[in-house]
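Asks: Would you mind keeping the following structure in view while I ask a few things?
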Amino acid sequence: MRTIRAAAAVTLAISIAAGVTGCGGGTSSGGGSNDSPKTLTYWASNQGPSIEADKKILTPELKKFEKQTGIKVKLEVVPWADLLNRILAATTSGQGPDVLNIGNTWSASLQATGALLPWSKENFDAIGGRDRFVDSAVASAGAEGQDPAAVPLYSLAYALYYNKKSFADAGIEKPPATWDELVADGKKLSKDGKWGLGAEGSNLSNNIHQTFVLGQQHGADFFDADGKPTFTSDGAVAAVKQYIDFMAKDKIIAPGNAEYAQNQSLTDFAKGKTAMVLWQAAASTFASQGMKPEDWGAAPVPVASGTPGQGKNTNSMVAGINMAVFKNTKNIDGAKKFVKFMTSDEEQKLLNKTYGSIPPVKTAQADEAFSAPDLAVLRDTLAKSAAPLPQVPNESQFETAVGTAVKELWADAAAGRPVTTESVKARLEKAQQTMQQ
Amino acid sequence: MTATVTTDSLTEKSDRVTSRGSGGARRRLPRIPDRIRQGGLPYLLLLPAVLLELLVHVIPMIIGIVMSFRQFTQFYINNWGGAPWSGFDNYKIAVDVNAPIGEALLHSFFVTCVFTFFAVGLAWLFGVAAAIMLQENFRGRGFLRAIFLVPYALPVYAAVITWAFMFQRDNGLVNHVLHDQLGITDQPSFWLIGDNSIYALIIVSVWKGWPFAFLIVMAGLQNIPRELYEAASIDGAGIWQQIRKITLPSLRPVNQVLVLVLFLWTFNDFNTPYVLFGKAAPENADLISIHIYQSSFVTWNFGTGSAMSVLLLLFLLVVTAVYLFITSRGRKGADA
């Protein structure tokens, strides 16, 4: 009996060990192969009003691709809340899709994992050349000086959306072009339970997007040239304080916005409770909330003084979605063909029109559909006055650390606790310390 | 152990039986020795469970422990083997309470202890109280039992999302009642951010946890003989004395397990804080499970996150061992 038990235990241990090493050995870091040239798996990010809507929008296009090339694309639309974790899991296990969408701010972080196909000149040439894409969009696809980890697919920028009726009621004739004007207008608008500006205080990414742009306007990057965090520079502190002060000092943001994280500020806007929001491509959301296109207007995000441009007059991040290929794909040629298809003029026009975004492909951008007043604002911002978020490997940590610090500051402001330069600096100091080596 | 001994002796007995009388039958059957056929059967039946246990619990745990000794950041997730060994560095970072990461972990640990104390205590108290009240048979008892068990039957996510809506400052039901209708607070309070967040967390956790305590205690009460109560009431014991002298001592073994299970579940609870607060919990409600999640998944530093997990595992093991040691020693003393 005892021998049998021992033998069974040994067999079990060996089979498990074999199983474990088997799993571990599955990860290949080679350059992909063409072992299964007839199929592709594609993870799309959720760009439309719902997952189902996205499937409906994308499926006919994938059929078109199948007709052209004979390659069948299996589509999965992944919600934003899960996408990064799914990508991490796929990277770790080596069992991922062939082609996938990534938020462009993750580009450098994912690039550092080495799991994504680098878009060298040769690879770019296979999809029509790097020159087809807008420079700022390519700049947000990976760290400077390296081959991009992805190809731009949809581009977005921030604009100031305002409620025309609220503006007319308050006697404001044109949207504010500087922050001083915005605060002055906001004070006129904030009365009788209505508020000037909306914010998503508990949405970490949104906090980062806003404070990054204000940081640029104060001459602060959140990282130095070596990629070391510089969260506590005077400019960064001033930028964060300026953003929180819209609630704490200027009182043009409702305290309740401190806990918003699910686009409640857009609902408030659509209901006429707030008169302005800073958002990217909000048109389709407004429409789904029952607003008519003539109810709202879009203007460039304000700057400190002058007109939007580069450097201190930056007024948006380069927002957008990139398309990447997993290095260990078993259909590398098919994957490139698919990227080429999705970045072709025809698909770019069609998909970006549907999603209300701007094509990062120059020739597609020229289409007159993207000259509609609100889209023209986004297009011009992207072309002239947008800057990519820091393309550093620990960008994801930065979003969490600083995004959380800003969230805590919103909570302070909402609870009526004073928000001072010192308190802002202390929060940012703490955020910086948690950024690991 | 007991089970093994019994099986062994059974096997020996059956060996003796078969070796004497079943020579003819043996030749016809395939050559599986009786010892395995009979003695091995329990093990064969256990095998799927053991394999799954290894696959689902033990192997991931071992991998986690191995990860905690490596510098396992985003640069290596594509190639596990390449992550450099870092010795105890991850542990040093986690326990260095003078540095920000260790300090934050310690803070999170204290928050979790306070949260667990109140959440388990209240869940247990409500569960026991409700079970004792429903001990007597009366009209509508079955209905009340069913109602009380609803929170336990609801899917966690759906329930907690509903709570998150109710706790919203501007449109939530909680503030509507407290502020608009009762006028208890001067201003609508925040529940999902800032200082009150710990209360929100405890309320949801108790709401979710007490029906389990109720269910277990209710089952335990079935085993207390009615005669004890009858005898006690003849001797003049009031209801409180009956509860103190009969009910609670009889429930002791049940409570021993119940409190331990509630403690482990609550201490490790991830769903409640994650659904209520998202990726970044407010400082006052920064439970350890969320904290570790943030330290590994959000910042992509799986080495440090694993080290924190291992520390948590050790802590829970020690607490469980000490708890079992103390409670069972007390019981033996009482029995003797």
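Chains: A, B, ... in order of the structure tokens. Residues: from 1 per chain. Ligands: from 1, in order shown.
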Output as JSON, numbers by chain all residues of range 63-247 of chain A that backbone DSSP marks as strand (DSSP E or B).

Replies: {"A": [72, 73, 74, 75, 76, 77, 78, 99, 100, 101, 102, 103, 116, 133, 151, 152, 153, 154, 155, 156, 158, 159, 160, 161, 162, 163, 178, 195, 196, 197, 223, 229]}

Asks: Please produce an output containing C-alpha atoms for each residue in the selection, written as a PDB file, in the first residue's frame.

Replies:
```pdb
ATOM      1  CA  LYS A  72     -11.429  35.133 -41.552  1.00  0.00           C
ATOM      2  CA  VAL A  73     -11.218  37.561 -38.638  1.00  0.00           C
ATOM      3  CA  LYS A  74     -12.626  36.475 -35.290  1.00  0.00           C
ATOM      4  CA  LEU A  75     -13.788  39.620 -33.519  1.00  0.00           C
ATOM      5  CA  GLU A  76     -14.034  40.253 -29.817  1.00  0.00           C
ATOM      6  CA  VAL A  77     -14.973  43.703 -28.528  1.00  0.00           C
ATOM      7  CA  VAL A  78     -13.363  44.161 -25.106  1.00  0.00           C
ATOM      8  CA  VAL A  99      -4.243  41.973 -33.703  1.00  0.00           C
ATOM      9  CA  LEU A 100      -5.558  44.271 -30.992  1.00  0.00           C
ATOM     10  CA  ASN A 101      -6.504  47.834 -30.159  1.00  0.00           C
ATOM     11  CA  ILE A 102      -4.694  49.636 -27.364  1.00  0.00           C
ATOM     12  CA  GLY A 103      -5.251  53.009 -25.738  1.00  0.00           C
ATOM     13  CA  LEU A 116       4.215  43.736 -29.556  1.00  0.00           C
ATOM     14  CA  PHE A 133       0.039  59.055 -40.712  1.00  0.00           C
ATOM     15  CA  VAL A 151      -0.090  52.086 -35.604  1.00  0.00           C
ATOM     16  CA  PRO A 152      -2.573  54.926 -35.043  1.00  0.00           C
ATOM     17  CA  LEU A 153      -6.156  53.933 -35.807  1.00  0.00           C
ATOM     18  CA  TYR A 154      -8.549  56.536 -34.438  1.00  0.00           C
ATOM     19  CA  SER A 155      -7.452  59.952 -33.166  1.00  0.00           C
ATOM     20  CA  LEU A 156      -9.166  62.148 -30.644  1.00  0.00           C
ATOM     21  CA  TYR A 158     -10.137  67.475 -26.204  1.00  0.00           C
ATOM     22  CA  ALA A 159     -12.527  70.321 -26.881  1.00  0.00           C
ATOM     23  CA  LEU A 160     -14.615  72.628 -24.723  1.00  0.00           C
ATOM     24  CA  TYR A 161     -18.261  71.695 -25.196  1.00  0.00           C
ATOM     25  CA  TYR A 162     -20.780  74.305 -24.122  1.00  0.00           C
ATOM     26  CA  ASN A 163     -24.543  74.502 -23.813  1.00  0.00           C
ATOM     27  CA  THR A 178      -8.603  81.732 -21.861  1.00  0.00           C
ATOM     28  CA  TRP A 195     -22.899  75.031 -12.483  1.00  0.00           C
ATOM     29  CA  GLY A 196     -20.345  76.388 -14.929  1.00  0.00           C
ATOM     30  CA  LEU A 197     -18.077  73.419 -15.557  1.00  0.00           C
ATOM     31  CA  PHE A 223       8.917  63.307 -16.408  1.00  0.00           C
ATOM     32  CA  PRO A 229       9.224  61.475 -12.442  1.00  0.00           C
TER      33      PRO A 229
END
```

Asks: Using only C-alpha atoms, find which residues of chain B lie within 8 Å of chain A and jot them down as a list in words.

Replies: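 Residues of chain B within 8 Å of chain A, counting only C-alpha atoms: Asp8, Arg35, Ile36, Gly39, Gln74, Phe75, Tyr76, Ile77, Asn78, Asn79, Trp80, Pro100, Ile101, Gln168, Arg169, Asp170, Phe190, Leu192, Ile193, Gly194, Ala280, Pro282, Phe297, Val298, Thr299 and Trp300 of chain B.
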
Asks: Just want the 12 Å neighbourhood of Ser190 in chain A, counted on only C-alpha atoms, with same-chain residues fewer than 6 positions away dropped. Output as a list in words.

Replies: Ser166, Phe167, Asp169, Ala170, Leu182, Val183, Ala184, Gly196, Leu197, Gly198, Phe246, Met247, Asp250, Lys251, Ile252, Ile253, Ala254, Gly272, Lys273, Thr274, Ala275 and Met276 of chain A

Asks: If you run DSSP on the backbone, which residues of range 87-194 of chain B are alpha helix (DSSP H), as a ChimeraX atom specification?

Replies: /B:89-95,100-133,141-153,156-166,173-175

Asks: Quick one: residues within 9 Å of range 255-260 of chain B, only C-alpha atoms counted, chain neighbours fewer than 6 positions away excluded, as a list in words?

Replies: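 Skipping anything fewer than 6 positions along the chain leaves Val120, Gly121, Trp124, Phe212, Ala213, Ile216, Val217, Gly220, Leu248, Thr320, Tyr323, Leu324, Thr327 and Ser328 of chain B.
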
Asks: Rank A:Leu351, A:Ile87, A:Leu278, A:Lys165 by their smallest atom-to-atom distance to Lys292 in chain A, using only C-alpha atoms, and report the top residue only.

Replies: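 Among the listed residues, A:Lys165 lies closest to Lys292 in chain A.
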
Asks: If we count only C-alpha atoms, what is near Met61 in chain B at a cut-off of 12 Å, once residues fewer than 5 positions away on the same chain are taken out, given as a VMD selection string?

Replies: chain B and resid 53 to 56 66 to 68 306 to 307 309 to 310 313
